[in-house]
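Note: the block below is my_file-v6.txt and it holds compact mmCIF, C-alpha atoms.
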# COMPACT_ATOMS: atom_id res chain seq x y z
CA MET A 1026 -215.44 -220.42 26.01
CA THR A 1027 -214.68 -222.15 29.25
CA ARG A 1028 -212.08 -220.33 31.34
CA TYR A 1029 -209.27 -222.13 33.13
CA ARG A 1030 -208.81 -221.44 36.84
CA ARG A 1031 -205.16 -221.56 37.79
CA ILE A 1032 -205.16 -223.47 41.05
CA LEU A 1033 -201.87 -224.41 42.65
CA PRO A 1034 -201.72 -227.47 44.96
CA LEU A 1035 -201.49 -226.97 48.69
CA PHE A 1036 -198.80 -229.08 50.31
CA ALA A 1037 -199.99 -231.51 52.95
CA LEU A 1038 -199.04 -230.82 56.54
CA PRO A 1039 -196.05 -232.68 57.96
CA ALA A 1040 -196.85 -235.59 60.23
CA ALA A 1041 -195.95 -233.65 63.35
CA SER A 1042 -198.39 -230.87 62.51
CA ALA A 1043 -201.04 -233.44 61.68
CA LEU A 1044 -200.72 -234.85 65.18
CA VAL A 1045 -201.34 -231.40 66.66
CA LEU A 1046 -204.41 -231.06 64.48
CA ALA A 1047 -205.76 -234.39 65.78
CA GLY A 1048 -205.77 -236.09 62.42
CA CYS A 1049 -207.55 -233.40 60.41
CA ALA A 1050 -205.29 -234.07 57.42
CA GLY A 1051 -206.72 -237.53 57.07
CA GLY A 1052 -210.30 -236.37 57.22
CA THR A 1053 -211.29 -239.09 59.72
CA ASP A 1054 -212.67 -238.91 63.23
CA ALA A 1055 -210.21 -239.67 66.03
CA ALA A 1056 -212.70 -241.84 67.88
CA GLY A 1057 -213.31 -244.07 64.87
CA PRO A 1058 -216.27 -246.41 64.33
CA GLY A 1059 -217.54 -248.91 66.82
CA ASP A 1060 -215.44 -251.97 67.57
CA ASP A 1061 -218.02 -254.27 66.01
CA ALA A 1062 -218.20 -252.39 62.72
CA ILE A 1063 -216.52 -253.57 59.54
CA THR A 1064 -214.21 -250.78 58.40
CA VAL A 1065 -213.38 -250.10 54.76
CA VAL A 1066 -210.53 -247.65 54.24
CA ALA A 1067 -209.95 -246.00 50.86
CA SER A 1068 -206.89 -244.03 49.84
CA THR A 1069 -209.02 -241.26 48.31
CA ASN A 1070 -212.64 -240.20 48.41
CA VAL A 1071 -213.06 -241.45 44.84
CA TYR A 1072 -212.70 -245.04 46.01
CA GLY A 1073 -214.47 -244.22 49.25
CA ASP A 1074 -217.58 -243.23 47.31
CA ILE A 1075 -217.42 -246.32 45.09
CA ALA A 1076 -217.20 -248.48 48.20
CA GLN A 1077 -220.13 -246.63 49.77
CA GLN A 1078 -222.25 -247.30 46.69
CA VAL A 1079 -221.58 -251.01 47.14
CA VAL A 1080 -222.25 -250.88 50.90
CA GLY A 1081 -225.48 -248.99 50.37
CA ASP A 1082 -227.74 -249.00 53.43
CA VAL A 1083 -226.13 -251.98 55.13
CA GLU A 1084 -225.52 -251.14 58.76
CA GLY A 1085 -222.32 -251.97 60.57
CA VAL A 1086 -220.03 -251.24 57.61
CA ASP A 1087 -218.15 -247.94 57.79
CA VAL A 1088 -216.26 -246.40 54.87
CA GLU A 1089 -213.44 -243.95 55.55
CA SER A 1090 -211.23 -242.10 53.07
CA ILE A 1091 -207.73 -240.84 53.82
CA ILE A 1092 -207.69 -238.07 51.20
CA THR A 1093 -210.92 -236.11 51.08
CA SER A 1094 -209.85 -232.72 49.72
CA GLY A 1095 -208.64 -231.41 46.39
CA ALA A 1096 -205.88 -229.60 48.28
CA GLN A 1097 -204.29 -232.95 49.16
CA ASP A 1098 -202.15 -234.43 46.39
CA PRO A 1099 -202.02 -238.25 46.60
CA HIS A 1100 -198.61 -238.27 44.90
CA ASP A 1101 -197.03 -236.24 47.70
CA TYR A 1102 -199.35 -236.85 50.63
CA GLU A 1103 -197.67 -237.08 54.04
CA PRO A 1104 -199.77 -239.42 56.20
CA SER A 1105 -200.34 -238.70 59.87
CA ALA A 1106 -200.35 -240.93 62.93
CA GLN A 1107 -204.16 -240.81 62.77
CA ASP A 1108 -204.01 -242.16 59.21
CA GLN A 1109 -201.87 -245.05 60.43
CA LEU A 1110 -204.40 -245.79 63.16
CA THR A 1111 -207.20 -245.72 60.57
CA VAL A 1112 -205.38 -248.21 58.36
CA SER A 1113 -204.43 -250.44 61.30
CA ARG A 1114 -208.10 -251.10 62.15
CA ALA A 1115 -209.24 -251.59 58.54
CA ASP A 1116 -210.91 -254.82 57.48
CA LEU A 1117 -210.64 -253.93 53.79
CA ILE A 1118 -208.39 -251.40 52.07
CA ILE A 1119 -208.93 -249.92 48.62
CA GLU A 1120 -206.07 -248.20 46.82
CA ASN A 1121 -205.45 -246.98 43.30
CA GLY A 1122 -201.97 -248.48 42.98
CA GLY A 1123 -199.55 -248.07 40.10
CA GLY A 1124 -197.52 -245.58 42.14
CA TYR A 1125 -200.34 -243.06 42.43
CA ASP A 1126 -201.07 -243.36 46.16
CA SER A 1127 -197.94 -245.05 47.49
CA PHE A 1128 -198.53 -243.45 50.89
CA ILE A 1129 -201.19 -246.08 51.57
CA ASP A 1130 -198.68 -248.88 51.04
CA ALA A 1131 -196.33 -247.27 53.53
CA LEU A 1132 -199.21 -247.14 56.01
CA ILE A 1133 -200.07 -250.79 55.35
CA ASP A 1134 -196.49 -251.85 56.00
CA SER A 1135 -195.99 -249.69 59.10
CA SER A 1136 -199.36 -250.56 60.67
CA GLY A 1137 -198.94 -254.32 60.34
CA THR A 1138 -202.53 -254.72 59.13
CA ASP A 1139 -203.59 -258.06 57.70
CA ALA A 1140 -206.58 -256.53 55.88
CA HIS A 1141 -207.16 -257.54 52.28
CA VAL A 1142 -206.20 -254.87 49.75
CA ILE A 1143 -207.99 -254.14 46.49
CA THR A 1144 -205.67 -252.42 44.02
CA ALA A 1145 -207.79 -250.72 41.37
CA ALA A 1146 -204.97 -250.45 38.82
CA GLU A 1147 -204.82 -254.24 38.60
CA SER A 1148 -208.35 -254.24 37.16
CA SER A 1149 -207.24 -252.13 34.20
CA HIS A 1150 -206.94 -253.81 30.81
CA ASP A 1151 -203.64 -251.91 30.48
CA TRP A 1152 -202.14 -253.40 33.64
CA PRO A 1153 -198.90 -255.08 32.49
CA GLY A 1154 -198.36 -258.79 32.92
CA GLU A 1155 -201.25 -259.47 35.27
CA ASP A 1156 -204.62 -261.19 35.02
CA GLY A 1157 -206.04 -258.17 36.81
CA GLY A 1158 -208.33 -257.34 39.64
CA ASP A 1159 -207.60 -259.85 42.35
CA SER A 1160 -207.48 -258.54 45.89
CA HIS A 1161 -204.49 -259.51 47.94
CA ASP A 1162 -203.32 -259.40 51.49
CA HIS A 1163 -200.04 -258.17 52.90
CA SER A 1164 -199.09 -261.38 54.65
CA GLU A 1165 -195.64 -262.05 56.03
CA GLU A 1166 -195.03 -264.49 53.20
CA GLU A 1167 -195.94 -261.90 50.59
CA HIS A 1168 -193.66 -259.34 52.16
CA SER A 1169 -190.77 -261.80 52.06
CA GLU A 1170 -191.42 -262.41 48.37
CA GLU A 1171 -191.51 -258.68 47.69
CA GLU A 1172 -188.28 -258.17 49.62
CA HIS A 1173 -186.65 -260.97 47.67
CA ALA A 1174 -187.83 -259.42 44.40
CA ALA A 1175 -186.44 -256.06 45.47
CA GLU A 1176 -183.09 -257.65 46.28
CA GLU A 1177 -183.05 -259.13 42.77
CA GLY A 1178 -183.84 -255.68 41.37
CA HIS A 1179 -187.40 -256.57 40.34
CA ASP A 1180 -190.28 -255.25 42.43
CA HIS A 1181 -193.47 -257.03 41.39
CA SER A 1182 -195.66 -255.45 44.08
CA GLY A 1183 -197.24 -253.04 41.58
CA HIS A 1184 -197.04 -250.13 44.01
CA ASP A 1185 -194.23 -248.23 42.29
CA HIS A 1186 -194.79 -246.13 39.19
CA ILE A 1187 -194.70 -248.36 36.13
CA GLU A 1188 -193.13 -246.90 33.01
CA GLY A 1189 -195.69 -246.55 30.25
CA PHE A 1190 -198.69 -247.30 32.46
CA ASN A 1191 -201.25 -244.57 33.11
CA GLU A 1192 -202.19 -245.05 36.75
CA HIS A 1193 -205.24 -242.72 36.69
CA VAL A 1194 -207.58 -245.67 36.23
CA TRP A 1195 -210.60 -244.12 37.97
CA TYR A 1196 -211.18 -242.20 34.74
CA ASP A 1197 -211.85 -245.54 33.02
CA PRO A 1198 -215.48 -246.49 33.85
CA HIS A 1199 -214.97 -250.08 32.69
CA THR A 1200 -212.12 -250.57 35.16
CA ILE A 1201 -214.18 -249.06 37.96
CA GLU A 1202 -217.02 -251.47 37.24
CA HIS A 1203 -214.62 -254.34 37.99
CA VAL A 1204 -213.36 -252.58 41.12
CA ALA A 1205 -216.92 -252.38 42.43
CA GLU A 1206 -217.36 -256.10 41.73
CA HIS A 1207 -214.26 -256.91 43.77
CA ILE A 1208 -215.43 -254.70 46.61
CA ALA A 1209 -218.76 -256.57 46.68
CA GLU A 1210 -216.96 -259.92 46.72
CA GLU A 1211 -214.68 -258.92 49.59
CA LEU A 1212 -217.51 -257.40 51.62
CA GLY A 1213 -219.54 -260.56 51.07
CA GLU A 1214 -216.78 -262.56 52.73
CA LEU A 1215 -216.61 -260.10 55.63
CA VAL A 1216 -220.39 -259.91 56.09
CA PRO A 1217 -221.81 -263.13 54.59
CA ALA A 1218 -225.39 -262.31 55.64
CA GLU A 1219 -225.33 -259.27 53.35
CA ALA A 1220 -223.43 -260.80 50.43
CA ASP A 1221 -226.44 -260.72 48.12
CA THR A 1222 -227.09 -257.09 49.00
CA PHE A 1223 -223.54 -256.09 48.15
CA LEU A 1224 -223.72 -257.93 44.83
CA ALA A 1225 -227.06 -256.29 44.01
CA ASN A 1226 -225.63 -252.86 44.83
CA ALA A 1227 -222.61 -253.55 42.62
CA GLU A 1228 -224.93 -254.57 39.80
CA GLN A 1229 -226.89 -251.33 40.18
CA PHE A 1230 -223.60 -249.42 40.12
CA ALA A 1231 -222.64 -251.32 36.94
CA ALA A 1232 -225.91 -250.23 35.35
CA GLU A 1233 -224.99 -246.61 36.09
CA ILE A 1234 -221.52 -247.21 34.65
CA ALA A 1235 -223.28 -248.45 31.50
CA GLY A 1236 -225.01 -245.07 31.35
CA LEU A 1237 -221.62 -243.35 31.37
CA GLU A 1238 -220.42 -245.63 28.59
CA GLU A 1239 -223.52 -244.80 26.54
CA SER A 1240 -222.75 -241.09 26.90
CA LEU A 1241 -219.18 -241.73 25.78
CA ALA A 1242 -220.44 -243.74 22.82
CA ILE A 1243 -222.53 -240.74 21.72
CA ILE A 1244 -219.41 -238.57 21.79
CA ALA A 1245 -217.58 -241.22 19.76
CA SER A 1246 -220.34 -241.42 17.16
CA GLU A 1247 -220.14 -237.69 16.56
CA ASN A 1248 -216.46 -236.92 17.14
CA ALA A 1249 -214.37 -240.10 16.77
CA GLY A 1250 -210.76 -239.22 16.01
CA ALA A 1251 -211.01 -235.61 17.17
CA ALA A 1252 -207.70 -234.31 18.54
CA VAL A 1253 -207.55 -233.54 22.26
CA PHE A 1254 -204.65 -232.02 24.22
CA VAL A 1255 -204.28 -232.90 27.92
CA THR A 1256 -201.90 -231.04 30.21
CA GLU A 1257 -201.53 -234.18 32.33
CA PRO A 1258 -202.46 -237.84 31.66
CA VAL A 1259 -205.27 -237.79 34.25
CA PRO A 1260 -208.24 -237.88 31.78
CA VAL A 1261 -206.63 -240.00 29.05
CA TYR A 1262 -208.75 -243.12 29.77
CA LEU A 1263 -211.94 -241.10 29.40
CA VAL A 1264 -210.63 -239.52 26.19
CA SER A 1265 -209.83 -242.96 24.80
CA ALA A 1266 -213.23 -244.34 25.80
CA ALA A 1267 -214.81 -241.55 23.73
CA GLU A 1268 -212.61 -242.63 20.79
CA LEU A 1269 -210.85 -239.27 20.73
CA GLU A 1270 -207.15 -238.92 19.90
CA ASN A 1271 -204.74 -237.68 22.54
CA VAL A 1272 -202.19 -235.66 20.56
CA THR A 1273 -200.25 -234.34 23.55
CA PRO A 1274 -196.48 -234.88 23.32
CA GLU A 1275 -195.81 -237.56 25.93
CA ALA A 1276 -192.81 -235.65 27.26
CA PHE A 1277 -195.07 -232.66 27.97
CA SER A 1278 -197.73 -234.42 30.04
CA GLU A 1279 -195.16 -236.56 31.89
CA ALA A 1280 -193.07 -233.52 32.85
CA VAL A 1281 -196.10 -231.62 34.13
CA GLU A 1282 -197.30 -234.62 36.12
CA GLU A 1283 -193.87 -235.07 37.70
CA GLY A 1284 -193.57 -231.36 38.51
CA GLN A 1285 -190.58 -230.99 36.18
CA ASP A 1286 -189.78 -228.36 33.59
CA VAL A 1287 -191.09 -229.16 30.13
CA PRO A 1288 -188.18 -229.37 27.66
CA PRO A 1289 -188.17 -226.23 25.49
CA ALA A 1290 -188.44 -228.22 22.24
CA THR A 1291 -191.43 -230.12 23.64
CA LEU A 1292 -193.13 -226.89 24.70
CA LEU A 1293 -192.65 -225.47 21.21
CA GLU A 1294 -194.14 -228.66 19.75
CA ALA A 1295 -197.15 -228.36 22.06
CA LEU A 1296 -197.74 -224.71 21.20
CA GLY A 1297 -197.40 -225.55 17.50
CA LEU A 1298 -200.14 -228.15 17.83
CA LEU A 1299 -202.46 -225.58 19.35
CA GLU A 1300 -201.67 -223.05 16.63
CA SER A 1301 -202.28 -225.62 13.89
CA GLY A 1302 -206.05 -225.52 14.37
CA ASP A 1303 -206.28 -229.30 14.63
CA VAL A 1304 -206.86 -229.52 18.40
CA ARG A 1305 -210.55 -229.46 19.34
CA VAL A 1306 -210.33 -229.37 23.14
CA VAL A 1307 -207.71 -228.80 25.85
CA ILE A 1308 -208.23 -230.58 29.19
CA ALA A 1309 -206.35 -229.26 32.22
CA ASN A 1310 -205.98 -230.52 35.77
CA ALA A 1311 -207.90 -228.10 38.01
CA GLN A 1312 -205.84 -229.04 41.07
CA THR A 1313 -202.39 -228.21 39.72
CA GLY A 1314 -200.74 -225.60 37.57
CA GLY A 1315 -197.38 -224.38 36.30
CA ALA A 1316 -195.72 -222.02 33.88
CA GLU A 1317 -195.88 -224.36 30.88
CA THR A 1318 -199.49 -225.30 31.63
CA THR A 1319 -200.35 -221.61 31.77
CA GLN A 1320 -198.71 -221.07 28.39
CA VAL A 1321 -200.73 -223.90 26.87
CA ILE A 1322 -203.98 -222.57 28.35
CA ASP A 1323 -203.26 -219.05 27.11
CA ALA A 1324 -202.36 -220.34 23.65
CA ALA A 1325 -205.55 -222.39 23.48
CA GLU A 1326 -207.72 -219.46 24.47
CA THR A 1327 -205.97 -217.22 21.93
CA ALA A 1328 -206.65 -219.85 19.27
CA GLY A 1329 -210.29 -220.14 20.33
CA ILE A 1330 -209.92 -223.72 21.56
CA PRO A 1331 -212.29 -224.64 24.42
CA VAL A 1332 -210.51 -225.41 27.69
CA ILE A 1333 -212.13 -227.60 30.33
CA GLU A 1334 -210.74 -228.81 33.63
CA PHE A 1335 -210.97 -232.11 35.43
CA THR A 1336 -210.01 -232.95 39.01
CA GLU A 1337 -208.27 -235.93 40.59
CA THR A 1338 -210.44 -236.18 43.68
CA LEU A 1339 -214.21 -236.27 44.10
CA PRO A 1340 -215.70 -232.76 44.36
CA GLU A 1341 -217.84 -232.06 47.40
CA GLY A 1342 -221.45 -233.10 46.99
CA GLN A 1343 -220.77 -235.42 44.05
CA THR A 1344 -220.86 -239.17 43.66
CA TYR A 1345 -218.51 -241.00 41.34
CA ILE A 1346 -221.27 -241.41 38.77
CA SER A 1347 -222.49 -237.79 38.87
CA TRP A 1348 -218.89 -236.53 38.72
CA MET A 1349 -217.97 -238.63 35.69
CA GLN A 1350 -221.24 -237.73 33.96
CA GLU A 1351 -220.48 -234.06 34.54
CA ASN A 1352 -217.00 -234.52 33.05
CA ILE A 1353 -218.44 -236.32 30.03
CA GLU A 1354 -221.02 -233.58 29.50
CA ALA A 1355 -218.28 -230.93 29.74
CA LEU A 1356 -216.26 -232.80 27.12
CA ALA A 1357 -219.28 -233.14 24.81
CA GLY A 1358 -220.11 -229.46 25.23
CA ALA A 1359 -216.55 -228.37 24.42
CA LEU A 1360 -216.50 -230.53 21.28
CA ALA A 1361 -219.77 -228.93 20.19
CA GLU A 1362 -218.34 -225.40 20.34
Would you write the structure of this file as structure tokens?
Amino acid sequence: MTRYRRILPLFALPAASALVLAGCAGGTDAAGPGDDAITVVASTNVYGDIAQQVVGDVEGVDVESIITSGAQDPHDYEPSAQDQLTVSRADLIIENGGGYDSFIDALIDSSGTDAHVITAAESSHDWPGEDGGDSHDHSEEEHSEEEHAAEEGHDHSGHDHIEGFNEHVWYDPHTIEHVAEHIAEELGELVPAEADTFLANAEQFAAEIAGLEESLAIIASENAGAAVFVTEPVPVYLVSAAELENVTPEAFSEAVEEGQDVPPATLLEALGLLESGDVRVVIANAQTGGAETTQVIDAAETAGIPVIEFTETLPEGQTYISWMQENIEALAGALAE
């Protein structure tokens, strides 16, 4: 069976240390691209790769990602002065939103950039109360509206964690297809001469997304309704797309994601599920770990339940499509055991 590697997250360097390291934490070059280049800045390398697929071979468009390593946790990332400089010269910014990568919003506000921002979470069919997917800019007028909403106790910016909303939308291929479309539209406005190229690249990307959805449909045809346990809500969209049932107690996955202790009664419920023989697969987050997660992994292995691990950031040498296909194949393989 697949073994689980217990990998604990490395904490990002404080801003002062990042300055000494000349911006290494951000993974970008200090010199930056040429002044004439269009710069796309993504919060993580997941969105950086998606943007690069849309850019393709077009010259004069540079894509930079703030978080490029699995050791950097977007929830707790401490941006550096170099990161702020990177954001300040962006022409287009791509973030996840939904409270996942709030550091990028702090950089947008502090840098004073007027770049348009694509928020991937707003393209999700689960995004609450929105028509979804429209890019927006951080104009002075918008900031005043957000400040007014905050004063009234209602922040409609969509950058804070939203109760009941799973912000890990990059694990939903259908959402990512729409994100790529929005990237192509925005790039077409920035570089009108290449608008058709960007749209064609987005269409090719959509065709590859369709391939992922076909693979998920095969899993669904053979395993629809199969019970899956996830230590964190990261892969839930992919699980749902395969028509599998996430049986994880919500209090368990939320506590692990927030770095809190799992309530004892919830842990007992989780372990009981694994002992019942109903759970077909356990999916763990390869970039984090904890005592309760370890207990779940050990219980699953004792019960002979396959354990696979997914990551939050793009592994080195992978594209978004190859990464998701690998995850889908791992899920199909575990269900076949």
(request) Do a neighbour search on Ser1149 (chain A) at 12 Å with all atoms listed in the file, toss out local chain neighbours closer than 3 positions, and write the hits as number ranges by chain. (result) A: 1121-1123, 1144-1146, 1152-1159, 1190-1204, 1262
Those same residues, written as a PDB file, in the frame of the given file with C-alpha atoms?
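Printed below is part_10.pdb as written:
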ATOM      1  CA  ASN A1121    -205.450-246.980  43.300  1.00  0.00           C
ATOM      2  CA  GLY A1122    -201.970-248.480  42.980  1.00  0.00           C
ATOM      3  CA  GLY A1123    -199.550-248.070  40.100  1.00  0.00           C
ATOM      4  CA  THR A1144    -205.670-252.420  44.020  1.00  0.00           C
ATOM      5  CA  ALA A1145    -207.790-250.720  41.370  1.00  0.00           C
ATOM      6  CA  ALA A1146    -204.970-250.450  38.820  1.00  0.00           C
ATOM      7  CA  TRP A1152    -202.140-253.400  33.640  1.00  0.00           C
ATOM      8  CA  PRO A1153    -198.900-255.080  32.490  1.00  0.00           C
ATOM      9  CA  GLY A1154    -198.360-258.790  32.920  1.00  0.00           C
ATOM     10  CA  GLU A1155    -201.250-259.470  35.270  1.00  0.00           C
ATOM     11  CA  ASP A1156    -204.620-261.190  35.020  1.00  0.00           C
ATOM     12  CA  GLY A1157    -206.040-258.170  36.810  1.00  0.00           C
ATOM     13  CA  GLY A1158    -208.330-257.340  39.640  1.00  0.00           C
ATOM     14  CA  ASP A1159    -207.600-259.850  42.350  1.00  0.00           C
ATOM     15  CA  PHE A1190    -198.690-247.300  32.460  1.00  0.00           C
ATOM     16  CA  ASN A1191    -201.250-244.570  33.110  1.00  0.00           C
ATOM     17  CA  GLU A1192    -202.190-245.050  36.750  1.00  0.00           C
ATOM     18  CA  HIS A1193    -205.240-242.720  36.690  1.00  0.00           C
ATOM     19  CA  VAL A1194    -207.580-245.670  36.230  1.00  0.00           C
ATOM     20  CA  TRP A1195    -210.600-244.120  37.970  1.00  0.00           C
ATOM     21  CA  TYR A1196    -211.180-242.200  34.740  1.00  0.00           C
ATOM     22  CA  ASP A1197    -211.850-245.540  33.020  1.00  0.00           C
ATOM     23  CA  PRO A1198    -215.480-246.490  33.850  1.00  0.00           C
ATOM     24  CA  HIS A1199    -214.970-250.080  32.690  1.00  0.00           C
ATOM     25  CA  THR A1200    -212.120-250.570  35.160  1.00  0.00           C
ATOM     26  CA  ILE A1201    -214.180-249.060  37.960  1.00  0.00           C
ATOM     27  CA  GLU A1202    -217.020-251.470  37.240  1.00  0.00           C
ATOM     28  CA  HIS A1203    -214.620-254.340  37.990  1.00  0.00           C
ATOM     29  CA  VAL A1204    -213.360-252.580  41.120  1.00  0.00           C
ATOM     30  CA  TYR A1262    -208.750-243.120  29.770  1.00  0.00           C
TER      31      TYR A1262
END
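With all atoms listed in the file as the atoms that count, the residue of A:Ala1096, A:Val1066, A:Val1287, A:Val1086 with the shortest distance to Ala1115 (chain A) is A:Val1066.
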(request) Identify, on the basis of all atoms listed in the file, every residue whose closest approach to Glu1239 (chain A) does not exceed 12 Å; exclude the query and any residue fewer than 5 positions from it along the same chain; express the result as a PyMOL selection string. (result) chain A and resi 1198-1199+1232-1234+1244-1246+1266-1267+1350+1353-1354
Report as CSV: every residue of region 1229-1271 of chain A with an atom at most 8 Å from region 1275-1283 of chain A, its closest pair of atoms, and their distance in Å to one decimal, counting only C-alpha atoms, with rows sorted by chain and ascending residue number.
residue,atom,partner,partner_atom,distance
A:Val1255,CA,A:Ser1278,CA,7.1
A:Thr1256,CA,A:Ser1278,CA,5.4
A:Glu1257,CA,A:Ser1278,CA,4.4
A:Pro1258,CA,A:Ser1278,CA,6.1
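If only C-alpha atoms are the atoms counted, then among A:Ala1295, A:Phe1128, A:Ile1243, A:Ile1119 the closest residue to Ala1205 (chain A) is A:Ile1119.
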(message) What's around Asp1126 (chain A) at 12 Å? Count all atoms listed in the file, leave out sequence neighbours fewer than 2 positions away in its own chain, and write the answer as a PyMOL selection string.
(response) chain A and resi 1067-1069+1072+1091-1092+1097-1104+1119-1124+1128-1133+1144-1146+1183-1186+1192-1193+1337
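The spacing separating CA of Gln1343 (chain A) from CA of Glu1211 (chain A) amounts to 24.9 Å.
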(message) Nearest residue to Ala1251 (chain A) out of A:Glu1089, A:Asp1134, A:Glu1270, A:Glu1326, using only C-alpha atoms?
(response)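 Counting only C-alpha atoms, the residue closest to Ala1251 (chain A) is A:Glu1270.
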(message) For a test of reading the model, state the distance in Å between CA of Asn1070 (chain A) and CA of Thr1338 (chain A), rounded to one decimal.
(response) 6.6 Å
(message) Could you tell me how far CA of Pro1340 (chain A) sits from CA of Ala1106 (chain A), in Å to one decimal place?
(response) 25.4 Å
(request) Check the smallest atom-to-atom distance from each of A:Asp1139, A:Glu1188, A:Asp1116, A:Asp1108 to Asp1151 (chain A) using all atoms listed in the file, then report the winner. (result) A:Glu1188
What are the centre and edge lengths in Å, to one decimal, of the axis-aligned box around all listed atoms of region 1210-1229 of chain A with 8 Å added on each side, as AutoDock Vina command-line options?
--center_x -220.9 --center_y -257.2 --center_z 47.9 --size_x 28.4 --size_y 27.8 --size_z 32.3
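Of the listed residues A:Ser1090, A:Ala1328, A:Glu1300, A:Gly1085, the one whose atoms come nearest to Val1071 (chain A) is A:Ser1090, with distances taken using all atoms listed in the file.
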(request) Rank nothing, just name the residue among A:Ile1208, A:Ile1187, A:Val1306, A:Val1321 nearest to Ile1118 (chain A), using all atoms listed in the file. (result)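 Under the stated criterion, the closest residue is A:Ile1208.
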(request) Determine, counting only C-alpha atoms, which protein, DNA and RNA residues have an atom within 9 Å of an atom of Gly1081 (chain A); residues of the same chain fewer than 6 positions away are not included. Present the result as a PyMOL selection string. (result) chain A and resi 1222-1223+1226
Can you spit out the residues from that selection as an mmCIF file, in the coordinates of the input, using C-alpha atoms?
data_model
loop_
_atom_site.group_PDB
_atom_site.id
_atom_site.type_symbol
_atom_site.label_atom_id
_atom_site.label_comp_id
_atom_site.auth_asym_id
_atom_site.auth_seq_id
_atom_site.Cartn_x
_atom_site.Cartn_y
_atom_site.Cartn_z
ATOM 1 C CA THR A 1222 -227.090 -257.090 49.000
ATOM 2 C CA PHE A 1223 -223.540 -256.090 48.150
ATOM 3 C CA ASN A 1226 -225.630 -252.860 44.830
#
(message) Show me, as an NGL selection string, the residues that have an atom within 8 Å of Gly1250 (chain A) when counting only C-alpha atoms, minus same-chain residues fewer than 2 positions from it.
(response) :A and (1248 or 1252 or 1268-1270)
Please complete region 1093-1097 of chain A so it has all heavy atoms, and hand it over as a CSV table (one decimal), keeping the file's coordinate frame.
chain,number,residue,atom,x,y,z
A,1093,THR,N,-209.5,-236.5,51.3
A,1093,THR,CA,-210.9,-236.1,51.1
A,1093,THR,C,-211.0,-234.7,50.5
A,1093,THR,O,-212.1,-234.2,50.3
A,1093,THR,CB,-211.7,-236.1,52.4
A,1093,THR,OG1,-211.0,-235.2,53.3
A,1093,THR,CG2,-211.7,-237.5,53.0
A,1094,SER,N,-209.9,-234.1,50.2
A,1094,SER,CA,-209.8,-232.7,49.7
A,1094,SER,C,-209.0,-232.6,48.5
A,1094,SER,O,-208.0,-233.3,48.3
A,1094,SER,CB,-209.3,-231.8,50.8
A,1094,SER,OG,-209.0,-230.5,50.3
A,1095,GLY,N,-209.4,-231.7,47.6
A,1095,GLY,CA,-208.6,-231.4,46.4
A,1095,GLY,C,-207.3,-230.7,46.7
A,1095,GLY,O,-206.5,-230.6,45.8
A,1096,ALA,N,-207.1,-230.2,47.9
A,1096,ALA,CA,-205.9,-229.6,48.3
A,1096,ALA,C,-204.8,-230.6,48.7
A,1096,ALA,O,-203.7,-230.3,48.9
A,1096,ALA,CB,-206.1,-228.6,49.4
A,1097,GLN,N,-205.2,-231.9,48.8
A,1097,GLN,CA,-204.3,-233.0,49.2
A,1097,GLN,C,-203.9,-233.8,47.9
A,1097,GLN,O,-204.8,-234.4,47.3
A,1097,GLN,CB,-204.9,-233.9,50.2
A,1097,GLN,CG,-205.3,-233.1,51.5
A,1097,GLN,CD,-206.2,-234.0,52.4
A,1097,GLN,OE1,-207.2,-234.6,51.9
A,1097,GLN,NE2,-205.9,-234.0,53.7
